[in-house]
>>> print(open('my_file.pdb').read())   # PDB, C-alpha atoms
MODEL        1
ATOM      1  CA  VAL O  40      -7.403  -5.055  15.611  1.00  0.00           C
ATOM      2  CA  ARG O  41     -10.989  -6.338  15.513  1.00  0.00           C
ATOM      3  CA  LEU O  42     -11.473  -5.174  19.092  1.00  0.00           C
ATOM      4  CA  LEU O  43     -10.117  -1.732  18.184  1.00  0.00           C
ATOM      5  CA  HIS O  44     -12.445  -1.484  15.183  1.00  0.00           C
ATOM      6  CA  SER O  45     -15.423  -2.542  17.304  1.00  0.00           C
ATOM      7  CA  ALA O  46     -14.599  -0.024  20.001  1.00  0.00           C
ATOM      8  CA  LEU O  47     -14.366   2.815  17.462  1.00  0.00           C
ATOM      9  CA  ARG O  48     -17.616   1.775  15.784  1.00  0.00           C
ATOM     10  CA  TYR O  49     -19.363   1.970  19.144  1.00  0.00           C
ATOM     11  CA  TRP O  50     -17.594   4.959  20.663  1.00  0.00           C
ATOM     12  CA  LEU O  51     -17.289   7.448  17.781  1.00  0.00           C
ATOM     13  CA  PRO O  52     -21.034   7.926  17.110  1.00  0.00           C
ATOM     14  CA  LYS O  53     -21.843   8.128  20.809  1.00  0.00           C
ATOM     15  CA  SER O  54     -19.011  10.546  21.575  1.00  0.00           C
ATOM     16  CA  GLY O  55     -20.307  13.184  19.172  1.00  0.00           C
ATOM     17  CA  ARG O  56     -16.825  13.753  17.804  1.00  0.00           C
ATOM     18  CA  LEU O  57     -17.867  12.965  14.246  1.00  0.00           C
ATOM     19  CA  LYS O  58     -20.347  15.853  13.980  1.00  0.00           C
ATOM     20  CA  PRO O  59     -17.733  18.679  13.925  1.00  0.00           C
ATOM     21  CA  HIS O  60     -16.088  16.941  10.937  1.00  0.00           C
ATOM     22  CA  ARG O  61     -19.198  16.861   8.798  1.00  0.00           C
ATOM     23  CA  ASP O  62     -17.446  18.922   6.104  1.00  0.00           C
ATOM     24  CA  LEU O  63     -14.733  16.310   5.555  1.00  0.00           C
ATOM     25  CA  VAL O  64     -16.897  14.589   2.949  1.00  0.00           C
ATOM     26  CA  PRO O  65     -19.166  16.025   0.235  1.00  0.00           C
ATOM     27  CA  ASP O  66     -22.933  16.026   0.613  1.00  0.00           C
ATOM     28  CA  HIS O  67     -23.622  13.144  -1.762  1.00  0.00           C
ATOM     29  CA  VAL O  68     -21.365  10.829   0.256  1.00  0.00           C
ATOM     30  CA  TYR O  69     -22.379  11.842   3.757  1.00  0.00           C
ATOM     31  CA  VAL O  70     -24.957   9.566   5.390  1.00  0.00           C
ATOM     32  CA  GLU O  71     -26.507  10.624   8.675  1.00  0.00           C
ATOM     33  CA  GLY O  72     -25.916   7.960  11.304  1.00  0.00           C
ATOM     34  CA  GLU O  73     -23.525   5.895   9.172  1.00  0.00           C
ATOM     35  CA  VAL O  74     -21.538   3.391  11.203  1.00  0.00           C
ATOM     36  CA  PRO O  75     -17.813   4.264  11.060  1.00  0.00           C
ATOM     37  CA  ILE O  76     -15.370   1.578   9.963  1.00  0.00           C
ATOM     38  CA  ASN O  77     -18.271  -0.448   8.568  1.00  0.00           C
ATOM     39  CA  GLN O  78     -18.010  -3.563   6.424  1.00  0.00           C
ATOM     40  CA  GLN O  79     -17.641  -1.656   3.156  1.00  0.00           C
ATOM     41  CA  ASP O  80     -14.921   0.548   4.664  1.00  0.00           C
ATOM     42  CA  LEU O  81     -13.020  -2.551   5.757  1.00  0.00           C
ATOM     43  CA  ALA O  82     -13.436  -4.222   2.361  1.00  0.00           C
ATOM     44  CA  ILE O  83     -12.224  -1.098   0.538  1.00  0.00           C
ATOM     45  CA  THR O  84      -9.127  -0.958   2.747  1.00  0.00           C
ATOM     46  CA  LEU O  85      -8.501  -4.629   2.018  1.00  0.00           C
ATOM     47  CA  GLY O  86      -8.789  -3.859  -1.697  1.00  0.00           C
ATOM     48  CA  VAL O  87      -6.116  -1.174  -1.404  1.00  0.00           C
ATOM     49  CA  PHE O  88      -3.641  -3.738  -0.122  1.00  0.00           C
ATOM     50  CA  CYS O  89      -4.699  -6.375  -2.646  1.00  0.00           C
ATOM     51  CA  TYR O  90      -6.178  -5.132  -5.935  1.00  0.00           C
ATOM     52  CA  ILE O  91      -4.628  -1.637  -5.933  1.00  0.00           C
ATOM     53  CA  ASN O  92      -1.163  -3.020  -5.136  1.00  0.00           C
ATOM     54  CA  LEU O  93      -1.390  -5.580  -7.940  1.00  0.00           C
ATOM     55  CA  ARG O  94      -2.700  -2.945 -10.356  1.00  0.00           C
ATOM     56  CA  SER O  95       0.162  -0.607  -9.456  1.00  0.00           C
ATOM     57  CA  LEU O  96       2.720  -3.369 -10.014  1.00  0.00           C
ATOM     58  CA  ARG O  97       1.228  -4.076 -13.426  1.00  0.00           C
ATOM     59  CA  ARG O  98       1.344  -0.391 -14.338  1.00  0.00           C
ATOM     60  CA  MET O  99       5.046  -0.470 -13.440  1.00  0.00           C
ATOM     61  CA  SER O 100       5.429  -3.332 -15.968  1.00  0.00           C
ATOM     62  CA  ILE O 101       5.882  -5.979 -13.279  1.00  0.00           C
ATOM     63  CA  VAL O 102       4.099  -9.040 -14.637  1.00  0.00           C
ATOM     64  CA  LEU O 103       3.294 -11.696 -12.059  1.00  0.00           C
ATOM     65  CA  SER O 104       2.308 -15.244 -12.893  1.00  0.00           C
ATOM     66  CA  GLU O 105      -1.349 -16.231 -12.643  1.00  0.00           C
ATOM     67  CA  ARG O 106      -0.461 -18.562  -9.784  1.00  0.00           C
ATOM     68  CA  ASP O 107       1.310 -15.789  -7.845  1.00  0.00           C
ATOM     69  CA  ILE O 108      -1.710 -13.511  -8.261  1.00  0.00           C
ATOM     70  CA  GLU O 109      -4.086 -16.228  -7.063  1.00  0.00           C
ATOM     71  CA  CYS O 110      -1.929 -16.875  -3.994  1.00  0.00           C
ATOM     72  CA  TYR O 111      -1.663 -13.165  -3.198  1.00  0.00           C
ATOM     73  CA  VAL O 112      -5.426 -12.654  -3.449  1.00  0.00           C
ATOM     74  CA  HIS O 113      -6.038 -15.756  -1.346  1.00  0.00           C
ATOM     75  CA  MET O 114      -3.682 -14.432   1.351  1.00  0.00           C
ATOM     76  CA  TRP O 115      -5.595 -11.155   1.590  1.00  0.00           C
ATOM     77  CA  ARG O 116      -8.897 -13.014   1.522  1.00  0.00           C
ATOM     78  CA  TYR O 117      -7.738 -14.837   4.636  1.00  0.00           C
ATOM     79  CA  CYS O 118      -6.551 -11.559   6.211  1.00  0.00           C
ATOM     80  CA  GLY O 119      -9.992 -10.087   5.588  1.00  0.00           C
ATOM     81  CA  TYR O 120     -11.608 -13.132   7.176  1.00  0.00           C
ATOM     82  CA  VAL O 121      -9.432 -12.756  10.275  1.00  0.00           C
ATOM     83  CA  LEU O 122     -10.358  -9.056  10.442  1.00  0.00           C
ATOM     84  CA  GLY O 123     -14.041  -9.960  10.491  1.00  0.00           C
ATOM     85  CA  ILE O 124     -15.070  -8.909   6.976  1.00  0.00           C
ATOM     86  CA  GLN O 125     -18.205 -10.669   5.781  1.00  0.00           C
ATOM     87  CA  ASP O 126     -17.696 -13.535   3.337  1.00  0.00           C
ATOM     88  CA  ASP O 127     -19.630 -11.893   0.491  1.00  0.00           C
ATOM     89  CA  LEU O 128     -17.212  -8.930   0.572  1.00  0.00           C
ATOM     90  CA  LEU O 129     -14.067 -11.063   0.524  1.00  0.00           C
ATOM     91  CA  PRO O 130     -12.368 -11.408  -2.884  1.00  0.00           C
ATOM     92  CA  VAL O 131     -12.824 -14.716  -4.683  1.00  0.00           C
ATOM     93  CA  SER O 132     -10.516 -13.571  -7.479  1.00  0.00           C
ATOM     94  CA  LEU O 133      -8.673 -10.468  -8.616  1.00  0.00           C
ATOM     95  CA  GLU O 134     -11.441  -9.725 -11.107  1.00  0.00           C
ATOM     96  CA  ASP O 135     -14.020 -10.034  -8.351  1.00  0.00           C
ATOM     97  CA  GLN O 136     -12.243  -7.504  -6.167  1.00  0.00           C
ATOM     98  CA  GLU O 137     -11.613  -5.194  -9.120  1.00  0.00           C
ATOM     99  CA  GLU O 138     -15.360  -5.021  -9.754  1.00  0.00           C
ATOM    100  CA  PHE O 139     -16.004  -4.250  -6.084  1.00  0.00           C
ATOM    101  CA  MET O 140     -13.299  -1.576  -5.904  1.00  0.00           C
ATOM    102  CA  LEU O 141     -14.375   0.227  -9.079  1.00  0.00           C
ATOM    103  CA  ALA O 142     -17.992   0.253  -7.881  1.00  0.00           C
ATOM    104  CA  SER O 143     -16.895   1.541  -4.465  1.00  0.00           C
ATOM    105  CA  MET O 144     -14.807   4.281  -6.073  1.00  0.00           C
ATOM    106  CA  LEU O 145     -17.829   5.439  -8.067  1.00  0.00           C
ATOM    107  CA  HIS O 146     -19.919   5.343  -4.910  1.00  0.00           C
ATOM    108  CA  GLN O 147     -17.533   6.943  -2.445  1.00  0.00           C
ATOM    109  CA  GLY O 148     -14.657   8.365  -4.450  1.00  0.00           C
ATOM    110  CA  CYS O 149     -14.444  12.174  -4.436  1.00  0.00           C
ATOM    111  CA  PRO O 150     -11.275  13.104  -6.353  1.00  0.00           C
ATOM    112  CA  ASP O 151     -12.392  16.726  -6.766  1.00  0.00           C
ATOM    113  CA  PHE O 152     -12.683  17.001  -2.995  1.00  0.00           C
ATOM    114  CA  ILE O 153      -8.935  16.429  -2.488  1.00  0.00           C
ATOM    115  CA  ASP O 154      -6.937  19.424  -1.287  1.00  0.00           C
ATOM    116  CA  GLY O 155      -4.399  20.017  -4.068  1.00  0.00           C
ATOM    117  CA  LYS O 156      -2.242  22.402  -2.052  1.00  0.00           C
ATOM    118  CA  ALA O 157      -1.978  20.009   0.889  1.00  0.00           C
ATOM    119  CA  THR O 158      -1.212  17.087  -1.444  1.00  0.00           C
ATOM    120  CA  LYS O 159       1.604  18.940  -3.189  1.00  0.00           C
ATOM    121  CA  SER O 160       3.024  20.057   0.147  1.00  0.00           C
ATOM    122  CA  PHE O 161       2.980  16.449   1.338  1.00  0.00           C
ATOM    123  CA  ILE O 162       4.779  15.226  -1.789  1.00  0.00           C
ATOM    124  CA  LYS O 163       7.292  18.080  -1.614  1.00  0.00           C
ATOM    125  CA  ALA O 164       8.302  17.004   1.914  1.00  0.00           C
ATOM    126  CA  PHE O 165       9.409  13.619   0.534  1.00  0.00           C
ATOM    127  CA  ALA O 166      11.234  15.305  -2.353  1.00  0.00           C
ATOM    128  CA  THR O 167      13.106  17.524   0.097  1.00  0.00           C
ATOM    129  CA  ALA O 168      14.048  14.489   2.190  1.00  0.00           C
ATOM    130  CA  ALA O 169      15.288  12.644  -0.922  1.00  0.00           C
ATOM    131  CA  HIS O 170      17.427  15.639  -1.858  1.00  0.00           C
ATOM    132  CA  LYS O 171      19.007  15.782   1.609  1.00  0.00           C
ATOM    133  CA  GLU O 172      19.523  12.050   2.006  1.00  0.00           C
ATOM    134  CA  THR O 173      21.347  11.835  -1.327  1.00  0.00           C
ATOM    135  CA  TRP O 174      23.682  14.674  -0.299  1.00  0.00           C
ATOM    136  CA  GLY O 175      22.180  16.902  -2.966  1.00  0.00           C
ATOM    137  CA  ILE O 176      22.900  14.506  -5.821  1.00  0.00           C
ATOM    138  CA  VAL O 177      19.195  14.160  -6.597  1.00  0.00           C
ATOM    139  CA  PRO O 178      17.741  17.625  -7.337  1.00  0.00           C
ATOM    140  CA  GLU O 179      14.677  18.395  -5.277  1.00  0.00           C
ATOM    141  CA  SER O 180      12.803  19.491  -8.398  1.00  0.00           C
ATOM    142  CA  ALA O 181      13.499  16.139 -10.098  1.00  0.00           C
ATOM    143  CA  ALA O 182      12.415  14.164  -7.039  1.00  0.00           C
ATOM    144  CA  ASN O 183       9.259  16.266  -6.773  1.00  0.00           C
ATOM    145  CA  SER O 184       8.441  15.782 -10.445  1.00  0.00           C
ATOM    146  CA  PHE O 185       9.039  12.047 -10.157  1.00  0.00           C
ATOM    147  CA  LEU O 186       6.745  11.658  -7.134  1.00  0.00           C
ATOM    148  CA  GLN O 187       3.983  13.810  -8.605  1.00  0.00           C
ATOM    149  CA  GLN O 188       3.930  11.999 -11.936  1.00  0.00           C
ATOM    150  CA  MET O 189       4.029   8.551 -10.322  1.00  0.00           C
ATOM    151  CA  THR O 190       1.175   9.563  -8.016  1.00  0.00           C
ATOM    152  CA  ARG O 191      -0.867  10.600 -11.034  1.00  0.00           C
ATOM    153  CA  TYR O 192       0.115   7.595 -13.141  1.00  0.00           C
ATOM    154  CA  LEU O 193      -0.467   4.884 -10.541  1.00  0.00           C
ATOM    155  CA  ASN O 194      -3.768   6.303  -9.282  1.00  0.00           C
ATOM    156  CA  GLY O 195      -5.086   7.405 -12.664  1.00  0.00           C
ATOM    157  CA  ASN O 196      -6.186  10.838 -13.849  1.00  0.00           C
ATOM    158  CA  ASP O 197      -9.812  10.178 -12.952  1.00  0.00           C
ATOM    159  CA  PHE O 198      -8.910   9.828  -9.283  1.00  0.00           C
ATOM    160  CA  THR O 199      -6.384  12.651  -8.904  1.00  0.00           C
ATOM    161  CA  THR O 200      -8.262  15.630 -10.324  1.00  0.00           C
ATOM    162  CA  GLY O 201      -8.335  17.534  -7.039  1.00  0.00           C
ATOM    163  CA  MET O 202      -4.589  17.131  -6.561  1.00  0.00           C
ATOM    164  CA  GLU O 203      -4.015  19.604  -9.398  1.00  0.00           C
ATOM    165  CA  ILE O 204      -0.992  17.650 -10.609  1.00  0.00           C
ATOM    166  CA  GLU O 205       0.045  18.523 -14.151  1.00  0.00           C
ATOM    167  CA  ASP O 206      -0.270  15.566 -16.501  1.00  0.00           C
ATOM    168  CA  MET O 207       3.073  15.317 -18.300  1.00  0.00           C
ATOM    169  CA  GLY O 208       2.029  12.172 -20.140  1.00  0.00           C
ATOM    170  CA  ASP O 209       2.737   8.493 -19.737  1.00  0.00           C
ATOM    171  CA  TYR O 210       6.039   8.927 -21.578  1.00  0.00           C
ATOM    172  CA  HIS O 211       7.476  11.234 -18.945  1.00  0.00           C
ATOM    173  CA  TRP O 212      10.987  10.180 -17.909  1.00  0.00           C
ATOM    174  CA  SER O 213       9.855   9.214 -14.409  1.00  0.00           C
ATOM    175  CA  ILE O 214       7.326   6.696 -15.732  1.00  0.00           C
ATOM    176  CA  LEU O 215       9.642   5.313 -18.401  1.00  0.00           C
ATOM    177  CA  ILE O 216      12.428   4.714 -15.861  1.00  0.00           C
ATOM    178  CA  THR O 217      10.026   3.081 -13.422  1.00  0.00           C
ATOM    179  CA  ARG O 218       8.578   0.803 -16.088  1.00  0.00           C
ATOM    180  CA  PHE O 219      12.039  -0.122 -17.371  1.00  0.00           C
ATOM    181  CA  LEU O 220      13.266  -1.056 -13.899  1.00  0.00           C
ATOM    182  CA  GLY O 221       9.993  -2.801 -13.100  1.00  0.00           C
ATOM    183  CA  TYR O 222      10.113  -4.905 -16.244  1.00  0.00           C
ATOM    184  CA  SER O 223      13.810  -5.695 -15.833  1.00  0.00           C
ATOM    185  CA  PHE O 224      13.839  -6.656 -12.154  1.00  0.00           C
ATOM    186  CA  GLY O 225      10.196  -7.578 -11.664  1.00  0.00           C
ATOM    187  CA  THR O 226       9.460  -9.491 -14.847  1.00  0.00           C
ATOM    188  CA  LEU O 227      12.638 -10.633 -16.597  1.00  0.00           C
ATOM    189  CA  VAL O 228      15.037 -11.416 -13.739  1.00  0.00           C
ATOM    190  CA  PRO O 229      12.583 -13.604 -11.757  1.00  0.00           C
ATOM    191  CA  ARG O 230      12.088 -15.711 -14.887  1.00  0.00           C
ATOM    192  CA  ILE O 231      15.752 -16.667 -15.219  1.00  0.00           C
ATOM    193  CA  PRO O 232      15.743 -20.497 -15.287  1.00  0.00           C
ATOM    194  CA  PHE O 233      16.336 -22.733 -12.255  1.00  0.00           C
ATOM    195  CA  GLY O 234      15.294 -20.022  -9.802  1.00  0.00           C
ATOM    196  CA  ILE O 235      18.602 -18.189 -10.183  1.00  0.00           C
ATOM    197  CA  GLY O 236      16.943 -14.813 -10.743  1.00  0.00           C
ATOM    198  CA  GLU O 237      14.624 -15.119  -7.763  1.00  0.00           C
ATOM    199  CA  SER O 238      17.545 -16.195  -5.593  1.00  0.00           C
ATOM    200  CA  ILE O 239      19.556 -13.130  -6.647  1.00  0.00           C
ATOM    201  CA  LEU O 240      16.659 -10.777  -5.893  1.00  0.00           C
ATOM    202  CA  PHE O 241      15.997 -12.441  -2.547  1.00  0.00           C
ATOM    203  CA  ASN O 242      19.617 -12.085  -1.481  1.00  0.00           C
ATOM    204  CA  MET O 243      19.683  -8.443  -2.580  1.00  0.00           C
ATOM    205  CA  HIS O 244      16.488  -7.563  -0.717  1.00  0.00           C
ATOM    206  CA  THR O 245      17.383  -9.388   2.490  1.00  0.00           C
ATOM    207  CA  ARG O 246      21.079  -8.565   2.667  1.00  0.00           C
ATOM    208  CA  ASN O 247      20.806  -5.904   5.376  1.00  0.00           C
ATOM    209  CA  ILE O 248      18.253  -7.883   7.365  1.00  0.00           C
ATOM    210  CA  ARG O 249      20.418 -11.013   7.311  1.00  0.00           C
ATOM    211  CA  LYS O 250      23.444  -8.941   8.312  1.00  0.00           C
ATOM    212  CA  GLN O 251      21.591  -7.593  11.362  1.00  0.00           C
ATOM    213  CA  LEU O 252      20.321 -11.053  12.285  1.00  0.00           C
ATOM    214  CA  ASP O 253      23.817 -12.528  12.028  1.00  0.00           C
ATOM    215  CA  ALA O 254      25.168  -9.805  14.308  1.00  0.00           C
ATOM    216  CA  ARG O 255      22.349 -10.348  16.774  1.00  0.00           C
ATOM    217  CA  GLY O 256      22.616 -14.111  16.904  1.00  0.00           C
ATOM    218  CA  THR O 257      19.815 -16.606  17.207  1.00  0.00           C
ATOM    219  CA  PRO O 258      18.095 -16.467  20.597  1.00  0.00           C
ATOM    220  CA  THR O 259      16.107 -19.519  21.618  1.00  0.00           C
ATOM    221  CA  GLY O 260      13.710 -20.434  24.390  1.00  0.00           C
ATOM    222  CA  HIS O 261      11.165 -18.158  26.044  1.00  0.00           C
ATOM    223  CA  GLY O 262      13.242 -15.037  25.398  1.00  0.00           C
ATOM    224  CA  ALA O 263      13.382 -15.459  21.623  1.00  0.00           C
ATOM    225  CA  GLY O 264      12.173 -12.334  19.871  1.00  0.00           C
ATOM    226  CA  THR O 265      12.509 -10.090  22.907  1.00  0.00           C
ATOM    227  CA  GLY O 266      14.696  -7.652  20.999  1.00  0.00           C
ATOM    228  CA  GLU O 267      17.788  -8.156  23.132  1.00  0.00           C
ATOM    229  CA  ASN O 268      21.001  -7.226  21.356  1.00  0.00           C
ATOM    230  CA  LEU O 269      22.485 -10.712  21.480  1.00  0.00           C
ATOM    231  CA  THR O 270      25.728 -11.685  19.827  1.00  0.00           C
ATOM    232  CA  ASP O 271      25.825 -15.347  20.745  1.00  0.00           C
ATOM    233  CA  SER O 272      23.361 -18.098  20.030  1.00  0.00           C
ATOM    234  CA  VAL O 273      22.335 -18.827  23.574  1.00  0.00           C
ATOM    235  CA  ASN O 274      19.256 -19.789  25.524  1.00  0.00           C
ATOM    236  CA  VAL O 275      17.611 -16.623  26.848  1.00  0.00           C
ATOM    237  CA  ARG O 276      15.705 -16.613  30.110  1.00  0.00           C
ATOM    238  CA  SER O 277      12.183 -15.269  30.074  1.00  0.00           C
ATOM    239  CA  LYS O 278      11.688 -11.829  31.631  1.00  0.00           C
ATOM    240  CA  LEU O 279       8.377 -12.942  33.126  1.00  0.00           C
TER     241      LEU O 279
ENDMDL
END
>>> encode(input="my_file.pdb", output="structure tokens")
Amino acid sequence: VRLLHSALRYWLPKSGRLKPHRDLVPDHVYVEGEVPINQQDLAITLGVFCYINLRSLRRMSIVLSERDIECYVHMWRYCGYVLGIQDDLLPVSLEDQEEFMLASMLHQGCPDFIDGKATKSFIKAFATAAHKETWGIVPESAANSFLQQMTRYLNGNDFTTGMEIEDMGDYHWSILITRFLGYSFGTLVPRIPFGIGESILFNMHTRNIRKQLDARGTPTGHGAGTGENLTDSVNVRSKL
């Protein structure tokens, strides 16, 4: 990944392919000669996977322990280190990355620049798919309303202005259902004593994966992980 990033940083400015897309960003954000995929870009992307994910979970009423949050942030700090992000841009704590992300959003965020029509069309495609995959049980209009309101709620009104999504309030049924399920299965169940709740959730989430692994068997040796559809636990010869 680092090699890919480096190649794009070098090749994109020299290729001239960025110039025709000058209008993709507003004037106050555009910087002539800016290096693509620079350190701030990488750190912002890291913050999406770390801070934004944790913030979204909290907005869905999923309350993680302080220790879990510290471990999660530390994991992404290490990921950022492996990706070559400078140490001073790596998160020391959740609060540290929150400060960086909010400052970066003020610096580079352009919510009014978002194409509302394209955004709604994108969301509608998922609503249509949900309607079809549930054999019509879930109305497309309900799925569309759910996705639009959750997009607005999780991102915040200040960052979705250009999407032109109607604000139906934080007590809209979609948000209330999400928060109820989040609090029930993300906050209460994991806190059932003796690890019983976490064990139940783990078994529920991994049921299909474990079923596929059991059917495949457990390959060993050089061929382990080759993707062969094995049914017996046998030693697999390397294809090399």
>>> residues_around(input="my_file.pdb", residues="Cys89 of chain O", least_positions_apart="6", cutoff="9 Å", atoms="all atoms listed in the file", output="MDAnalysis selection string")
chainID O and resid 111:112 115:116 133 136
>>> residues_around(input="my_file.pdb", residues="Glu137 of chain O", least_positions_apart="2", cutoff="10 Å", atoms="only C-alpha atoms", output="list of chain:residue names")
O:Gly86, O:Cys89, O:Tyr90, O:Ile91, O:Arg94, O:Pro130, O:Ser132, O:Leu133, O:Glu134, O:Asp135, O:Phe139, O:Met140, O:Leu141, O:Ala142, O:Ser143
>>> residues_near_point(input="my_file.pdb", point="(9.5, -13.9, -14.5)", cutoff="9 Å", atoms="only C-alpha atoms", output="list in words")
Ile101, Val102, Leu103, Ser104, Phe224, Gly225, Thr226, Leu227, Val228, Pro229, Arg230, Ile231, Gly236 and Glu237 of chain O
>>> residues_around(input="my_file.pdb", residues="segment 57-72 of chain O", least_positions_apart="4", cutoff="7 Å", atoms="only C-alpha atoms", output="VMD selection string")
chain O and resid 51 to 52 147
>>> atom_distance(input="my_file.pdb", atom1="atom CA of Glu105 of chain O", atom2="atom CA of Gly234 of chain O")
17.3 Å
>>> resolve_selection(input="my_file.pdb", expression="the PyMOL selection byres ((chain O and resi 193-202) around 8)", output="VMD selection string")
chain O and resid 95 98 148 to 156 158 to 159 189 to 192 203 to 204
>>> axis_aligned_box(input="my_file.pdb", around="segment 73-89 of chain O", padding_each_side="5 Å", output="AutoDock Vina command-line options")
--center_x -13.6 --center_y -0.2 --center_z 4.3 --size_x 29.9 --size_y 22.3 --size_z 23.8
>>> atom_distance(input="my_file.pdb", atom1="atom CA of Leu96 of chain O", atom2="atom CA of Gln78 of chain O")
26.5 Å
>>> atom_distance(input="my_file.pdb", atom1="atom CA of His44 of chain O", atom2="atom CA of Val121 of chain O")
12.7 Å
>>> resolve_selection(input="my_file.pdb", expression="the PyMOL selection byres ((chain O and resi 186) around 9)", output="list of chain:residue names")
O:Ile162, O:Lys163, O:Phe165, O:Ala166, O:Ala181, O:Ala182, O:Asn183, O:Ser184, O:Phe185, O:Gln187, O:Gln188, O:Met189, O:Thr190, O:Arg191, O:Ser213
>>> residues_near_point(input="my_file.pdb", point="(-12.7, -9.9, 7.0)", cutoff="12 Å", atoms="all atoms listed in the file", output="PyMOL selection string")
chain O and resi 40-41+44+77-86+114-130
>>> write_last_selection(input="my_file.pdb", atoms="C-alpha atoms", output="short mmCIF file (atom, residue, chain, number, x, y, z; two decimals), in the frame of the given file")
data_model
loop_
_atom_site.label_atom_id
_atom_site.label_comp_id
_atom_site.auth_asym_id
_atom_site.auth_seq_id
_atom_site.Cartn_x
_atom_site.Cartn_y
_atom_site.Cartn_z
CA VAL O 40 -7.40 -5.06 15.61
CA ARG O 41 -10.99 -6.34 15.51
CA HIS O 44 -12.44 -1.48 15.18
CA ASN O 77 -18.27 -0.45 8.57
CA GLN O 78 -18.01 -3.56 6.42
CA GLN O 79 -17.64 -1.66 3.16
CA ASP O 80 -14.92 0.55 4.66
CA LEU O 81 -13.02 -2.55 5.76
CA ALA O 82 -13.44 -4.22 2.36
CA ILE O 83 -12.22 -1.10 0.54
CA THR O 84 -9.13 -0.96 2.75
CA LEU O 85 -8.50 -4.63 2.02
CA GLY O 86 -8.79 -3.86 -1.70
CA MET O 114 -3.68 -14.43 1.35
CA TRP O 115 -5.60 -11.16 1.59
CA ARG O 116 -8.90 -13.01 1.52
CA TYR O 117 -7.74 -14.84 4.64
CA CYS O 118 -6.55 -11.56 6.21
CA GLY O 119 -9.99 -10.09 5.59
CA TYR O 120 -11.61 -13.13 7.18
CA VAL O 121 -9.43 -12.76 10.28
CA LEU O 122 -10.36 -9.06 10.44
CA GLY O 123 -14.04 -9.96 10.49
CA ILE O 124 -15.07 -8.91 6.98
CA GLN O 125 -18.20 -10.67 5.78
CA ASP O 126 -17.70 -13.54 3.34
CA ASP O 127 -19.63 -11.89 0.49
CA LEU O 128 -17.21 -8.93 0.57
CA LEU O 129 -14.07 -11.06 0.52
CA PRO O 130 -12.37 -11.41 -2.88
#
>>> decode(input="my_file.pdb", residues="segment 113-124 of chain O", atoms="N, CA and C atoms", output="PDB file, in the first residue's frame")
ATOM      1  N   HIS O 113      -5.193   2.489  19.725  1.00  0.00           N
ATOM      2  CA  HIS O 113      -3.803   2.024  19.630  1.00  0.00           C
ATOM      3  C   HIS O 113      -3.609   1.153  18.388  1.00  0.00           C
ATOM      4  N   MET O 114      -4.608   0.324  18.059  1.00  0.00           N
ATOM      5  CA  MET O 114      -4.508  -0.517  16.868  1.00  0.00           C
ATOM      6  C   MET O 114      -4.386   0.341  15.616  1.00  0.00           C
ATOM      7  N   TRP O 115      -5.215   1.386  15.516  1.00  0.00           N
ATOM      8  CA  TRP O 115      -5.165   2.237  14.331  1.00  0.00           C
ATOM      9  C   TRP O 115      -3.934   3.130  14.327  1.00  0.00           C
ATOM     10  N   ARG O 116      -3.413   3.442  15.503  1.00  0.00           N
ATOM     11  CA  ARG O 116      -2.143   4.167  15.560  1.00  0.00           C
ATOM     12  C   ARG O 116      -1.046   3.319  14.919  1.00  0.00           C
ATOM     13  N   TYR O 117      -1.058   2.030  15.250  1.00  0.00           N
ATOM     14  CA  TYR O 117      -0.056   1.134  14.661  1.00  0.00           C
ATOM     15  C   TYR O 117      -0.274   1.001  13.152  1.00  0.00           C
ATOM     16  N   CYS O 118      -1.544   0.895  12.726  1.00  0.00           N
ATOM     17  CA  CYS O 118      -1.829   0.814  11.286  1.00  0.00           C
ATOM     18  C   CYS O 118      -1.292   2.048  10.564  1.00  0.00           C
ATOM     19  N   GLY O 119      -1.493   3.215  11.173  1.00  0.00           N
ATOM     20  CA  GLY O 119      -0.987   4.444  10.571  1.00  0.00           C
ATOM     21  C   GLY O 119       0.533   4.449  10.487  1.00  0.00           C
ATOM     22  N   TYR O 120       1.168   3.911  11.516  1.00  0.00           N
ATOM     23  CA  TYR O 120       2.635   3.815  11.514  1.00  0.00           C
ATOM     24  C   TYR O 120       3.116   2.928  10.374  1.00  0.00           C
ATOM     25  N   VAL O 121       2.443   1.790  10.189  1.00  0.00           N
ATOM     26  CA  VAL O 121       2.816   0.859   9.123  1.00  0.00           C
ATOM     27  C   VAL O 121       2.601   1.504   7.751  1.00  0.00           C
ATOM     28  N   LEU O 122       1.572   2.357   7.647  1.00  0.00           N
ATOM     29  CA  LEU O 122       1.282   3.024   6.377  1.00  0.00           C
ATOM     30  C   LEU O 122       2.199   4.217   6.109  1.00  0.00           C
ATOM     31  N   GLY O 123       3.064   4.531   7.068  1.00  0.00           N
ATOM     32  CA  GLY O 123       4.033   5.594   6.838  1.00  0.00           C
ATOM     33  C   GLY O 123       3.577   6.980   7.253  1.00  0.00           C
ATOM     34  N   ILE O 124       2.553   7.076   8.095  1.00  0.00           N
ATOM     35  CA  ILE O 124       2.102   8.387   8.569  1.00  0.00           C
ATOM     36  C   ILE O 124       3.065   8.877   9.644  1.00  0.00           C
TER      37      ILE O 124
END
